[in-house]
file entry_38.tsv (TSV, C-alpha atoms)
chain	number	residue	atom	x	y	z
A	1	GLN	CA	5.07	-2.13	-2.68
A	2	VAL	CA	2.01	-2.75	-4.79
A	3	GLN	CA	-1.49	-3.28	-3.47
A	4	LEU	CA	-4.08	-5.25	-5.44
A	5	VAL	CA	-7.80	-5.15	-4.67
A	6	GLU	CA	-10.15	-7.55	-6.43
A	7	SER	CA	-13.89	-7.33	-6.87
A	8	GLY	CA	-16.66	-8.95	-8.88
A	9	GLY	CA	-16.89	-12.51	-7.62
A	10	GLY	CA	-20.13	-14.21	-6.68
A	11	LEU	CA	-22.54	-17.03	-7.35
A	12	VAL	CA	-23.68	-17.66	-10.91
A	13	GLN	CA	-25.54	-20.42	-12.70
A	14	PRO	CA	-23.79	-22.62	-15.26
A	15	GLY	CA	-23.61	-20.80	-18.58
A	16	GLY	CA	-23.62	-17.44	-16.88
A	17	SER	CA	-21.06	-14.64	-16.88
A	18	LEU	CA	-19.06	-12.62	-14.39
A	19	ARG	CA	-16.45	-9.90	-14.65
A	20	LEU	CA	-13.65	-9.67	-12.13
A	21	SER	CA	-11.70	-6.46	-11.57
A	22	CYS	CA	-8.33	-5.90	-9.95
A	23	ALA	CA	-7.20	-2.38	-9.12
A	24	ALA	CA	-3.51	-1.79	-8.48
A	25	SER	CA	-1.97	0.99	-6.44
A	26	GLY	CA	1.45	1.84	-5.10
A	27	ARG	CA	4.63	1.27	-7.10
A	28	ILE	CA	2.71	0.37	-10.22
A	29	PHE	CA	5.48	1.50	-12.53
A	30	SER	CA	7.27	-1.69	-11.54
A	31	ILE	CA	4.52	-3.88	-12.93
A	32	ASN	CA	4.80	-5.48	-16.37
A	33	LEU	CA	2.68	-8.58	-16.13
A	34	MET	CA	-0.72	-8.95	-14.49
A	35	GLY	CA	-2.69	-12.11	-14.28
A	36	TRP	CA	-5.44	-14.10	-12.67
A	37	TYR	CA	-4.88	-17.34	-10.82
A	38	ARG	CA	-7.46	-19.60	-9.26
A	39	GLN	CA	-7.46	-22.23	-6.58
A	40	ALA	CA	-10.22	-24.76	-6.13
A	41	PRO	CA	-10.61	-26.77	-2.91
A	42	GLY	CA	-7.99	-29.50	-2.73
A	43	LYS	CA	-6.20	-28.31	-5.85
A	44	GLU	CA	-3.11	-26.29	-6.57
A	45	ARG	CA	-3.29	-22.68	-7.60
A	46	GLU	CA	-3.22	-22.37	-11.38
A	47	LEU	CA	-2.72	-19.56	-13.86
A	48	VAL	CA	-5.92	-18.69	-15.68
A	49	ALA	CA	-4.88	-15.74	-17.82
A	50	ALA	CA	-2.12	-13.15	-18.05
A	51	ILE	CA	-1.58	-9.88	-19.84
A	52	SER	CA	1.48	-7.74	-20.38
A	53	ARG	CA	1.70	-3.97	-20.24
A	54	VAL	CA	1.48	-3.83	-24.04
A	55	GLY	CA	-1.49	-6.17	-24.18
A	56	SER	CA	-0.05	-9.57	-25.02
A	57	THR	CA	-2.26	-12.28	-23.50
A	58	ASN	CA	-1.99	-15.89	-22.48
A	59	TYR	CA	-4.74	-18.28	-21.35
A	60	ALA	CA	-5.03	-21.67	-19.76
A	61	ASP	CA	-6.41	-24.21	-22.22
A	62	SER	CA	-9.42	-24.79	-20.00
A	63	VAL	CA	-10.66	-21.21	-20.39
A	64	LYS	CA	-9.68	-20.35	-23.96
A	65	GLY	CA	-12.63	-19.01	-25.90
A	66	ARG	CA	-14.62	-18.36	-22.71
A	67	PHE	CA	-12.51	-15.94	-20.65
A	68	THR	CA	-11.02	-12.64	-21.75
A	69	ILE	CA	-8.38	-10.72	-19.86
A	70	SER	CA	-7.99	-6.99	-20.46
A	71	ARG	CA	-6.09	-4.15	-18.93
A	72	ASP	CA	-6.64	-0.42	-18.55
A	73	ASN	CA	-3.24	1.07	-17.83
A	74	ALA	CA	-4.72	4.53	-17.24
A	75	LYS	CA	-6.83	3.09	-14.41
A	76	ASN	CA	-4.21	0.58	-13.29
A	77	THR	CA	-6.87	-2.08	-13.48
A	78	VAL	CA	-7.02	-5.55	-15.00
A	79	TYR	CA	-10.26	-7.33	-15.79
A	80	LEU	CA	-11.28	-10.92	-16.35
A	81	ARG	CA	-14.47	-11.41	-18.29
A	82	MET	CA	-15.77	-14.94	-17.76
A	83	ASN	CA	-18.46	-16.30	-20.07
A	84	SER	CA	-20.06	-19.72	-20.37
A	85	LEU	CA	-19.09	-20.52	-16.81
A	86	LYS	CA	-18.95	-24.14	-15.73
A	87	PRO	CA	-19.10	-25.73	-12.27
A	88	GLU	CA	-15.42	-26.60	-12.63
A	89	ASP	CA	-14.63	-22.87	-12.77
A	90	THR	CA	-15.60	-22.65	-9.10
A	91	ALA	CA	-12.59	-21.40	-7.16
A	92	VAL	CA	-11.07	-18.48	-5.36
A	93	TYR	CA	-9.63	-16.17	-7.99
A	94	TYR	CA	-6.50	-14.18	-7.19
A	95	CYS	CA	-5.04	-11.21	-8.97
A	96	ASN	CA	-1.27	-11.28	-9.37
A	97	ALA	CA	1.19	-8.69	-10.60
A	98	GLY	CA	4.88	-8.35	-11.22
A	99	GLY	CA	7.32	-9.16	-13.95
A	100	PRO	CA	9.19	-10.23	-15.96
A	101	VAL	CA	7.43	-13.54	-15.24
A	102	LEU	CA	4.42	-14.68	-13.29
A	103	PRO	CA	3.69	-15.35	-10.57
A	104	GLY	CA	4.88	-11.95	-9.57
A	105	ASP	CA	5.54	-10.70	-6.08
A	106	TYR	CA	2.14	-9.15	-5.46
A	107	TRP	CA	-1.16	-10.89	-4.73
A	108	GLY	CA	-4.67	-9.71	-4.08
A	109	GLN	CA	-6.80	-11.07	-1.28
A	110	GLY	CA	-8.86	-13.32	-3.56
A	111	THR	CA	-12.48	-13.31	-4.62
A	112	GLN	CA	-14.79	-16.33	-4.59
A	113	VAL	CA	-16.46	-17.48	-7.78
A	114	ALA	CA	-19.08	-20.21	-7.42
A	115	VAL	CA	-20.83	-21.76	-10.41
A	116	SER	CA	-23.84	-23.79	-9.40
A	117	SER	CA	-27.47	-24.31	-10.24
call {"tool": "encode", "arguments": {"input": "entry_38.tsv", "output": "structure tokens"}}
result
Amino acid sequence: QVQLVESGGGLVQPGGSLRLSCAASGRIFSINLMGWYRQAPGKERELVAAISRVGSTNYADSVKGRFTISRDNAKNTVYLRMNSLKPEDTAVYYCNAGGPVLPGDYWGQGTQVAVSS
């Protein structure tokens, strides 16, 4: 089993920034891909960004140029840096891990991001 613990959500004004963190523990050797999903009220969960063990990344079109996913394999942690936040980025953000494809088998508990003035 793999456990994922997220942190870093909160309330921010439009144009602001946040950094989410997701720390993995357990059978981490089984993890190739890690990613961030989000789910807004009344909407389906969507993939925001993903990163492989070797650092290959993929982003949703809606966040390209604003969000950056990174990974520290030594710390078993994945980050999501979110800049130029918009109200439509408001959602619960979930960390996900697994492989060879996402969504993987493991989910974090979710962290709320709210963008509002």
call {"tool": "residues_around", "arguments": {"input": "entry_38.tsv", "residues": "region 57-68 of chain A", "least_positions_apart": "6", "cutoff": "7 Å", "atoms": "all atoms listed in the file", "output": "compact mmCIF listing (two decimals) with C-alpha atoms, in the frame of the given file"}}
result
# COMPACT_ATOMS: atom_id res chain seq x y z
CA LEU A 47 -2.72 -19.56 -13.86
CA VAL A 48 -5.92 -18.69 -15.68
CA ALA A 49 -4.88 -15.74 -17.82
CA ALA A 50 -2.12 -13.15 -18.05
CA ILE A 51 -1.58 -9.88 -19.84
CA LEU A 80 -11.28 -10.92 -16.35
CA ARG A 81 -14.47 -11.41 -18.29
CA MET A 82 -15.77 -14.94 -17.76
CA ASN A 83 -18.46 -16.30 -20.07
CA SER A 84 -20.06 -19.72 -20.37
call {"tool": "closest_residue", "arguments": {"input": "entry_38.tsv", "among": "A:Ile69, A:Leu33, A:Leu18, A:Leu85", "to": "Ser116 (chain A)", "atoms": "only C-alpha atoms"}}
result
A:Leu85
call {"tool": "atom_distance", "arguments": {"input": "entry_38.tsv", "atom1": "CA of Met34 (chain A)", "atom2": "CA of Val2 (chain A)"}}
result
11.8 Å
call {"tool": "closest_residue", "arguments": {"input": "entry_38.tsv", "among": "A:Thr77, A:Ser30, A:Leu102, A:Glu44", "to": "Glu6 (chain A)", "atoms": "all atoms listed in the file"}}
result
A:Thr77
call {"tool": "closest_residue", "arguments": {"input": "entry_38.tsv", "among": "A:Gly9, A:Pro41, A:Gly26, A:Pro87", "to": "Ser117 (chain A)", "atoms": "all atoms listed in the file"}}
result
A:Pro87
call {"tool": "closest_residue", "arguments": {"input": "entry_38.tsv", "among": "A:Val78, A:Ala24, A:Ile31, A:Val92", "to": "Lys43 (chain A)", "atoms": "all atoms listed in the file"}}
result
A:Val92
call {"tool": "residues_around", "arguments": {"input": "entry_38.tsv", "residues": "region 97-101 of chain A", "least_positions_apart": "2", "cutoff": "7 Å", "atoms": "all atoms listed in the file", "output": "compact mmCIF listing (two decimals) with C-alpha atoms, in the frame of the given file"}}
result
# COMPACT_ATOMS: atom_id res chain seq x y z
CA ILE A 31 4.52 -3.88 -12.93
CA ASN A 32 4.80 -5.48 -16.37
CA LEU A 33 2.68 -8.58 -16.13
CA MET A 34 -0.72 -8.95 -14.49
CA GLY A 35 -2.69 -12.11 -14.28
CA CYS A 95 -5.04 -11.21 -8.97
CA PRO A 103 3.69 -15.35 -10.57
CA GLY A 104 4.88 -11.95 -9.57
CA ASP A 105 5.54 -10.70 -6.08
CA TYR A 106 2.14 -9.15 -5.46
CA TRP A 107 -1.16 -10.89 -4.73
call {"tool": "closest_residue", "arguments": {"input": "entry_38.tsv", "among": "A:Asn76, A:Ser70, A:Gly55, A:Tyr94", "to": "Gly8 (chain A)", "atoms": "all atoms listed in the file"}}
result
A:Tyr94
call {"tool": "closest_residue", "arguments": {"input": "entry_38.tsv", "among": "A:Ile28, A:Val54, A:Ala23, A:Val115", "to": "Gln1 (chain A)", "atoms": "all atoms listed in the file"}}
result
A:Ile28
call {"tool": "atom_distance", "arguments": {"input": "entry_38.tsv", "atom1": "CA of Ala40 (chain A)", "atom2": "CA of Ser52 (chain A)"}}
result
25.1 Å
call {"tool": "residues_around", "arguments": {"input": "entry_38.tsv", "residues": "Gln112 (chain A)", "least_positions_apart": "2", "cutoff": "7 Å", "atoms": "only C-alpha atoms", "output": "list in words"}}
result
Gly9, Gly10, Ala91, Val92, Tyr93, Gly110 and Ala114 of chain A
call {"tool": "atom_distance", "arguments": {"input": "entry_38.tsv", "atom1": "CA of Val5 (chain A)", "atom2": "CA of Tyr79 (chain A)"}}
result
11.6 Å
